[in-house]
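Remarks on the structure that follows.
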Amino acid sequence: MNLKGRSFLKLKDFTSEEIKYLIELSADLKAKKKKGAAHDVFKGKNIALIFEKTSTRTRCSFEVAAYDLGMHVTYLDPSGSQIGKKESIADTARVLGRMFDGIEYRGFGQEIVEELAKHAGVPVWNGLTNEFHPTQMIADMLTVQEKFGHLEGIKFVYMGDARYNMGNSLMVACAKLGMDFVACTSRKYFPEQPLVDYCKEVAAETGASITLTEDVQEGTKDADVIYTDVWVSMGEPDEVWEERIRELTPYQVNQAVMENAKESAVFMHCLPAFHDLKTTIGQQIHQKFGLTEMEVTDEVFEGSQSVVFDEAENRMHSIKAIMYATL
Ligand code: CP
Ligand code: NVA
């Protein structure tokens with residue numbers, strides 16, 4: 001498998017075999033790190049991290065993974081560069097491409113990261129756009145594989161805003177990997193039809209299935225994985241909170257949902273999660289709407305079926321694999 005020189009912008013660009021290879025490579029690099037085996041094979045290389053939105057996991061994963069691989073990192077924060085304001089993406093790409101061996105980009109529209117990759121001349125990695133979050137997918141699927149020993153045939157249920165980066169990406173990942181994907185949410189939050197059609201075509205070849213349902217009982221019945229994400233994503237206006245709370249509360253992941261899933265089911269979340277009042281936004285929402293938890297209850301988040309911190313750790317191993325494979 002040779003992915004050298006390729007950008008990692010969305011899973012649609014990769015075959016099932018290539019995605020499986022990245023999951024295996026993540027597991028190998030994780031084992032190497034646990035054993036303390038050196039893998040600093042990229043000494044002398046430099047990468048740039050561009051973040052137009054905030055981050056904990058993705059930024060730290062890129063930094064730690066880069067250092068483990070022997071590389072140096074430059075971080076450009078949402079306000080600390082000329083990008084977009086004084087310099088176009090195409091010009092930025094051509095400048096950074098002359099200095100760095102690879103570039104990570106987190107921002108708004110998918111077309112921006114695609115444009116960056118078109119002009120950079122070095123691999124570009126998508127660290128999250130409004131439409132897709134592909135590095136998260138390798139970590140999530142590694143986590144599922146670790147928990148169940150396989151991916152094919154897993155019933156993977158996504159609840160909440162399924163038409164944004166996480167819902168879109170998970171549907172594509174499940175389609176490519178022969179899994180049974182269910183978007184269990186209000187119709188308005190179903191992924192867009194062209195992407196559903198694409199995933200159904202892929203599913204016909206891989207043995208996967210794609211189901212969209214508003215019925216929580218039926219959607220979550222005998223699930224292996226129950227997954228959710230925040231109801232309002234980065235970059236969305238505060239005004240949408242009221243509507244999201246009203247429309248998505250029926251799709252909150254709570255104990256009843258977990259009990260309807262298989263006994264062996266796991267709870268997953270890309271994080272950050274609103275499961276208590278220990279955050280500024282959690283407090284603001286509590287004061288305005290009276291909620292003490294949102295997309296997932298604290299009981300489920302802290303419960304024995306929750307694998308969210310294994311998932312978070314796997315971000316680092318899988319981002320390392322993506323850089324290792326493409327540089
Ligand atoms: N899951 C995820 O991408 O987290 P961050 O926003 O902290 O990077
Ligand atoms: N949907 C979330 C994912 C965060 C990792 C967001 O875009 O804010």
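Residue numbering restarts at 1 in every chain; chains get A, B, ... in the order shown in the structure tokens, and ligands count up from 1 in that same order.
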
Which protein, DNA or RNA residues have an atom within 7 Å of ligand 1, counting only C-alpha atoms and all ligand atoms, as a PyMOL selection string? chain A and resi 54-59+128+136+270-272

What's around Tyr67 (chain A) at 12 Å? Count only C-alpha atoms, leave out sequence neighbours fewer than 2 positions away in its own chain, and write the answer as a ChimeraX atom specification. /A:38-47,60-65,69-74,316,320,323

Considering only C-alpha atoms, can you say which of A:Gln255, A:Gln283, A:Ser318, A:Ser16 comes closest to Val202 (chain A)?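 The closest residue to Val202 (chain A) is A:Ser16.
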
Per-residue nearest contacts chain A to ligand 2, cut-off 12 Å, using only C-alpha atoms and all ligand atoms, as a tab-separated table:
```
residue	atom	partner	partner_atom_place_in_ligand_line	distance
A:Glu52	CA	ligand 2	7 (O)	11.8
A:Lys53	CA	ligand 2	8 (O)	8.6
A:Thr54	CA	ligand 2	8 (O)	8.9
A:Ser55	CA	ligand 2	5 (C)	7.8
A:Thr56	CA	ligand 2	5 (C)	9.2
A:Arg57	CA	ligand 2	5 (C)	8.4
A:Thr58	CA	ligand 2	5 (C)	8.3
A:Arg59	CA	ligand 2	5 (C)	11.2
A:Arg106	CA	ligand 2	7 (O)	9.9
A:Gly107	CA	ligand 2	7 (O)	9.3
A:Phe108	CA	ligand 2	7 (O)	9.0
A:Gly109	CA	ligand 2	7 (O)	11.1
A:Gly127	CA	ligand 2	5 (C)	9.2
A:Leu128	CA	ligand 2	7 (O)	7.1
A:Thr129	CA	ligand 2	7 (O)	7.1
A:Asn130	CA	ligand 2	7 (O)	6.1
A:Glu131	CA	ligand 2	7 (O)	8.5
A:Phe132	CA	ligand 2	7 (O)	8.7
A:His133	CA	ligand 2	5 (C)	7.6
A:Pro134	CA	ligand 2	5 (C)	10.7
A:Thr135	CA	ligand 2	5 (C)	10.4
A:Gln136	CA	ligand 2	5 (C)	8.1
A:Met137	CA	ligand 2	5 (C)	11.0
A:Gly160	CA	ligand 2	1 (N)	10.1
A:Asp161	CA	ligand 2	1 (N)	8.1
A:Ala162	CA	ligand 2	1 (N)	9.3
A:Arg163	CA	ligand 2	1 (N)	9.7
A:Tyr164	CA	ligand 2	1 (N)	6.4
A:Asn165	CA	ligand 2	1 (N)	5.7
A:Met166	CA	ligand 2	1 (N)	5.7
A:Gly167	CA	ligand 2	1 (N)	8.4
A:Asn168	CA	ligand 2	1 (N)	10.1
A:Ser169	CA	ligand 2	1 (N)	10.5
A:Leu170	CA	ligand 2	1 (N)	11.6
A:Thr228	CA	ligand 2	1 (N)	9.4
A:Asp229	CA	ligand 2	1 (N)	6.1
A:Val230	CA	ligand 2	1 (N)	6.0
A:Trp231	CA	ligand 2	1 (N)	7.6
A:Val232	CA	ligand 2	8 (O)	6.9
A:Ser233	CA	ligand 2	8 (O)	3.5
A:Met234	CA	ligand 2	8 (O)	3.8
A:Gly235	CA	ligand 2	8 (O)	7.3
A:Glu236	CA	ligand 2	8 (O)	8.4
A:Pro237	CA	ligand 2	8 (O)	11.6
A:His269	CA	ligand 2	5 (C)	8.9
A:Cys270	CA	ligand 2	5 (C)	5.6
A:Leu271	CA	ligand 2	5 (C)	5.9
A:Pro272	CA	ligand 2	5 (C)	6.6
A:Ala273	CA	ligand 2	4 (C)	8.9
A:Phe274	CA	ligand 2	4 (C)	11.6
A:Glu295	CA	ligand 2	1 (N)	11.7
A:Ala312	CA	ligand 2	5 (C)	10.6
A:Arg315	CA	ligand 2	5 (C)	11.1
```

For each of A:Glu313, A:Ser209, A:Ser7, A:Val225, take the minimum atom-to-atom distance to Gly121 (chain A), counting only C-alpha atoms, then give the residue where this is smallest. A:Ser7

Could you pull the residues within 12 Å of Leu177 (chain A), counting only C-alpha atoms, minus those fewer than 2 positions along the same chain, as a PyMOL selection string? chain A and resi 11-12+14-21+23+137-138+141-142+144-145+150-156+170-175+179-181+199+202-210

Got time to write the residues from that selection, N, CA and C atoms, as a short mmCIF file (atom, residue, chain, number, x, y, z; two decimals), in the first residue's frame?
```cif
data_model
loop_
_atom_site.label_atom_id
_atom_site.label_comp_id
_atom_site.auth_asym_id
_atom_site.auth_seq_id
_atom_site.Cartn_x
_atom_site.Cartn_y
_atom_site.Cartn_z
N LEU A 11 -12.74 10.83 3.40
CA LEU A 11 -12.64 9.38 3.16
C LEU A 11 -13.14 8.98 1.78
N LYS A 12 -13.98 9.82 1.16
CA LYS A 12 -14.46 9.52 -0.19
C LYS A 12 -13.30 9.32 -1.16
N PHE A 14 -10.58 7.75 -0.66
CA PHE A 14 -9.78 6.56 -0.35
C PHE A 14 -10.61 5.29 -0.52
N THR A 15 -9.95 4.21 -0.96
CA THR A 15 -10.63 2.92 -1.11
C THR A 15 -10.79 2.27 0.26
N SER A 16 -11.64 1.27 0.32
CA SER A 16 -11.82 0.52 1.57
C SER A 16 -10.50 -0.05 2.04
N GLU A 17 -9.70 -0.58 1.10
CA GLU A 17 -8.41 -1.19 1.45
C GLU A 17 -7.46 -0.14 2.03
N GLU A 18 -7.46 1.03 1.44
CA GLU A 18 -6.57 2.09 1.93
C GLU A 18 -6.97 2.51 3.35
N ILE A 19 -8.26 2.59 3.60
CA ILE A 19 -8.74 2.98 4.93
C ILE A 19 -8.38 1.89 5.96
N LYS A 20 -8.59 0.63 5.55
CA LYS A 20 -8.24 -0.48 6.47
C LYS A 20 -6.74 -0.47 6.77
N TYR A 21 -5.94 -0.16 5.75
CA TYR A 21 -4.48 -0.09 5.93
C TYR A 21 -4.14 0.99 6.97
N ILE A 23 -5.99 2.03 9.41
CA ILE A 23 -6.42 1.55 10.74
C ILE A 23 -5.37 0.57 11.28
N MET A 137 -12.16 9.68 11.88
CA MET A 137 -12.71 8.39 11.44
C MET A 137 -11.74 7.24 11.67
N ILE A 138 -10.45 7.49 11.42
CA ILE A 138 -9.47 6.41 11.59
C ILE A 138 -9.39 6.05 13.07
N MET A 141 -12.69 4.14 14.09
CA MET A 141 -12.76 2.76 13.60
C MET A 141 -11.70 1.87 14.27
N LEU A 142 -10.56 2.46 14.59
CA LEU A 142 -9.56 1.71 15.38
C LEU A 142 -10.18 1.33 16.73
N VAL A 144 -13.39 0.94 17.49
CA VAL A 144 -14.41 -0.10 17.30
C VAL A 144 -13.73 -1.46 17.10
N GLN A 145 -12.67 -1.45 16.28
CA GLN A 145 -11.95 -2.71 16.04
C GLN A 145 -11.35 -3.27 17.31
N HIS A 150 -13.56 -6.68 15.09
CA HIS A 150 -13.88 -6.61 13.66
C HIS A 150 -14.73 -5.36 13.41
N LEU A 151 -14.87 -5.02 12.14
CA LEU A 151 -15.70 -3.87 11.76
C LEU A 151 -16.94 -4.30 10.98
N GLU A 152 -16.76 -5.25 10.07
CA GLU A 152 -17.88 -5.66 9.22
C GLU A 152 -19.05 -6.14 10.05
N GLY A 153 -20.25 -5.69 9.68
CA GLY A 153 -21.46 -6.15 10.35
C GLY A 153 -21.80 -5.44 11.64
N ILE A 154 -20.94 -4.51 12.06
CA ILE A 154 -21.23 -3.76 13.29
C ILE A 154 -22.40 -2.80 13.04
N LYS A 155 -23.39 -2.81 13.94
CA LYS A 155 -24.50 -1.84 13.84
C LYS A 155 -24.09 -0.57 14.55
N PHE A 156 -23.89 0.49 13.76
CA PHE A 156 -23.30 1.73 14.23
C PHE A 156 -24.36 2.83 14.13
N LEU A 170 -18.96 9.67 9.43
CA LEU A 170 -19.22 8.32 9.95
C LEU A 170 -20.02 7.50 8.95
N MET A 171 -20.96 8.14 8.25
CA MET A 171 -21.74 7.40 7.25
C MET A 171 -20.83 6.90 6.13
N VAL A 172 -19.91 7.73 5.69
CA VAL A 172 -18.97 7.32 4.62
C VAL A 172 -18.06 6.20 5.15
N ALA A 173 -17.53 6.39 6.35
CA ALA A 173 -16.62 5.39 6.93
C ALA A 173 -17.32 4.03 7.04
N CYS A 174 -18.54 4.02 7.57
CA CYS A 174 -19.28 2.77 7.73
C CYS A 174 -19.55 2.12 6.37
N ALA A 175 -19.91 2.94 5.38
CA ALA A 175 -20.18 2.41 4.03
C ALA A 175 -18.94 1.73 3.48
N MET A 179 -20.09 -1.74 7.27
CA MET A 179 -20.82 -1.67 8.55
C MET A 179 -22.27 -1.23 8.31
N ASP A 180 -23.11 -1.45 9.32
CA ASP A 180 -24.53 -1.08 9.21
C ASP A 180 -24.73 0.26 9.90
N PHE A 181 -24.78 1.31 9.10
CA PHE A 181 -24.88 2.67 9.64
C PHE A 181 -26.34 3.08 9.76
N CYS A 199 -23.16 6.89 -0.51
CA CYS A 199 -22.87 5.86 0.50
C CYS A 199 -23.63 4.57 0.20
N VAL A 202 -21.70 2.74 -2.44
CA VAL A 202 -20.52 2.10 -1.85
C VAL A 202 -20.97 0.87 -1.06
N ALA A 203 -22.04 1.03 -0.29
CA ALA A 203 -22.54 -0.05 0.57
C ALA A 203 -22.91 -1.28 -0.24
N ALA A 204 -23.44 -1.07 -1.44
CA ALA A 204 -23.84 -2.20 -2.29
C ALA A 204 -22.62 -3.06 -2.64
N GLU A 205 -21.45 -2.44 -2.67
CA GLU A 205 -20.22 -3.20 -2.98
C GLU A 205 -19.57 -3.82 -1.75
N THR A 206 -19.70 -3.16 -0.60
CA THR A 206 -18.97 -3.61 0.59
C THR A 206 -19.81 -4.48 1.53
N GLY A 207 -21.12 -4.54 1.27
CA GLY A 207 -21.98 -5.29 2.19
C GLY A 207 -22.47 -4.45 3.35
N ALA A 208 -22.19 -3.15 3.30
CA ALA A 208 -22.67 -2.25 4.35
C ALA A 208 -24.15 -1.95 4.13
N SER A 209 -24.77 -1.25 5.09
CA SER A 209 -26.13 -0.76 4.86
C SER A 209 -26.25 0.63 5.46
N ILE A 210 -27.15 1.42 4.87
CA ILE A 210 -27.36 2.80 5.31
C ILE A 210 -28.85 2.94 5.62
#
```

Who sits within 7 Å of Glu104 (chain A), only C-alpha atoms, same chain under 5 positions skipped, as a VMD selection string: chain A and resid 48 to 50 124 to 127

Selected residue of minimal separation from Gly219 (chain A) among A:Met294, A:Val257, A:Val266, A:Leu29, counting only C-alpha atoms: A:Val257

To one decimal place, how far is CA of Thr297 (chain A) from CA of Glu218 (chain A) in Å? 20.4 Å

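Among A:Tyr251, A:Phe301, A:Phe51, A:Phe267, the residue with the shortest atom-to-atom distance to Arg187 (chain A), counting only C-alpha atoms, is A:Tyr251.
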
DSSP alpha helix (DSSP H) residues within region 131-272 of chain A, as number ranges by chain: A: 134-148, 165-176, 193-206, 216-220, 241-248, 255-260

CA of Thr213 (chain A) and CA of Lys176 (chain A), how far apart in Å?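 We find that CA of Lys176 (chain A) and CA of Thr213 (chain A) lie 20.4 Å from each other.
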
Shell around Asn254 (chain A) at 12 Å using only C-alpha atoms, local window under 5 positions removed, as a JSON list (two decimals) with N, CA and C atoms, in the first residue's frame:
```
[["chain", "number", "residue", "atom", "x", "y", "z"],
["A", 159, "MET", "N", -26.65, 9.45, 16.58],
["A", 159, "MET", "CA", -27.83, 10.23, 17.01],
["A", 159, "MET", "C", -27.46, 11.71, 17.10],
["A", 216, "VAL", "N", -36.45, 6.07, 17.53],
["A", 216, "VAL", "CA", -35.35, 5.76, 18.45],
["A", 216, "VAL", "C", -35.35, 4.28, 18.84],
["A", 220, "THR", "N", -32.10, 2.23, 17.47],
["A", 220, "THR", "CA", -31.02, 1.86, 18.40],
["A", 220, "THR", "C", -31.10, 0.39, 18.84],
["A", 226, "ILE", "N", -23.31, 3.22, 19.91],
["A", 226, "ILE", "CA", -24.17, 4.41, 19.94],
["A", 226, "ILE", "C", -23.22, 5.60, 19.98],
["A", 227, "TYR", "N", -23.38, 6.49, 19.00],
["A", 227, "TYR", "CA", -22.45, 7.61, 18.82],
["A", 227, "TYR", "C", -23.23, 8.91, 18.79],
["A", 228, "THR", "N", -22.71, 9.95, 19.44],
["A", 228, "THR", "CA", -23.31, 11.27, 19.27],
["A", 228, "THR", "C", -22.24, 12.35, 19.27],
["A", 249, "THR", "N", -33.46, 16.93, 21.50],
["A", 249, "THR", "CA", -33.60, 16.29, 22.81],
["A", 249, "THR", "C", -34.18, 14.87, 22.72],
["A", 259, "GLU", "N", -29.83, 0.79, 26.99],
["A", 259, "GLU", "CA", -30.48, -0.48, 27.35],
["A", 259, "GLU", "C", -31.17, -1.12, 26.16],
["A", 260, "ASN", "N", -31.56, -0.31, 25.20],
["A", 260, "ASN", "CA", -32.19, -0.83, 23.98],
["A", 260, "ASN", "C", -31.15, -1.41, 23.02],
["A", 261, "ALA", "N", -29.89, -0.94, 23.17],
["A", 261, "ALA", "CA", -28.79, -1.47, 22.35],
["A", 261, "ALA", "C", -28.37, -2.82, 22.91],
["A", 267, "PHE", "N", -20.53, 3.25, 24.01],
["A", 267, "PHE", "CA", -20.91, 4.63, 23.72],
["A", 267, "PHE", "C", -19.67, 5.39, 23.23],
["A", 275, "HIS", "N", -22.01, 17.02, 28.91],
["A", 275, "HIS", "CA", -22.68, 16.00, 29.72],
["A", 275, "HIS", "C", -22.84, 16.45, 31.17],
["A", 293, "GLU", "N", -27.62, 18.58, 31.09],
["A", 293, "GLU", "CA", -26.81, 17.76, 30.19],
["A", 293, "GLU", "C", -27.48, 17.85, 28.82],
["A", 294, "MET", "N", -26.73, 17.61, 27.77],
["A", 294, "MET", "CA", -27.34, 17.79, 26.45],
["A", 294, "MET", "C", -27.34, 16.50, 25.62],
["A", 295, "GLU", "N", -26.40, 16.38, 24.66],
["A", 295, "GLU", "CA", -26.48, 15.26, 23.70],
["A", 295, "GLU", "C", -26.30, 13.89, 24.37],
["A", 296, "VAL", "N", -25.66, 13.87, 25.54],
["A", 296, "VAL", "CA", -25.48, 12.60, 26.27],
["A", 296, "VAL", "C", -25.64, 12.89, 27.76],
["A", 297, "THR", "N", -26.28, 11.96, 28.47],
["A", 297, "THR", "CA", -26.41, 12.16, 29.92],
["A", 297, "THR", "C", -25.07, 11.85, 30.59],
["A", 298, "ASP", "N", -24.89, 12.44, 31.76],
["A", 298, "ASP", "CA", -23.66, 12.20, 32.51],
["A", 298, "ASP", "C", -23.54, 10.72, 32.87],
["A", 299, "GLU", "N", -24.69, 10.10, 33.14],
["A", 299, "GLU", "CA", -24.72, 8.68, 33.51],
["A", 299, "GLU", "C", -24.09, 7.81, 32.41],
["A", 300, "VAL", "N", -24.47, 8.08, 31.16],
["A", 300, "VAL", "CA", -23.91, 7.29, 30.05],
["A", 300, "VAL", "C", -22.46, 7.67, 29.80],
["A", 301, "PHE", "N", -22.18, 8.97, 29.82],
["A", 301, "PHE", "CA", -20.81, 9.44, 29.55],
["A", 301, "PHE", "C", -19.82, 8.82, 30.52],
["A", 302, "GLU", "N", -20.21, 8.78, 31.80],
["A", 302, "GLU", "CA", -19.31, 8.25, 32.85],
["A", 302, "GLU", "C", -19.50, 6.75, 33.06],
["A", 303, "GLY", "N", -20.45, 6.16, 32.37],
["A", 303, "GLY", "CA", -20.79, 4.75, 32.60],
["A", 303, "GLY", "C", -19.78, 3.77, 32.02],
["A", 305, "GLN", "N", -20.02, 1.58, 29.74],
["A", 305, "GLN", "CA", -20.01, 1.32, 28.29],
["A", 305, "GLN", "C", -19.33, 2.43, 27.49],
["A", 306, "SER", "N", -18.96, 3.50, 28.17],
["A", 306, "SER", "CA", -18.37, 4.65, 27.49],
["A", 306, "SER", "C", -16.89, 4.39, 27.18]]
```

Measuring between only C-alpha atoms, which one of A:Asp238, A:Lys10, A:Ile319, A:Pro250 shows the shortest distance to Asp215 (chain A)?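 Of the candidates, the smallest distance to Asp215 (chain A) is held by A:Pro250.
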
Would you please work out which residue, of A:Leu291, A:Ala183, A:Leu3, A:Asp101, is nearest to Leu277 (chain A) when using only C-alpha atoms?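 Between A:Leu291, A:Ala183, A:Leu3, A:Asp101, the residue approaching Leu277 (chain A) most closely is A:Leu291.
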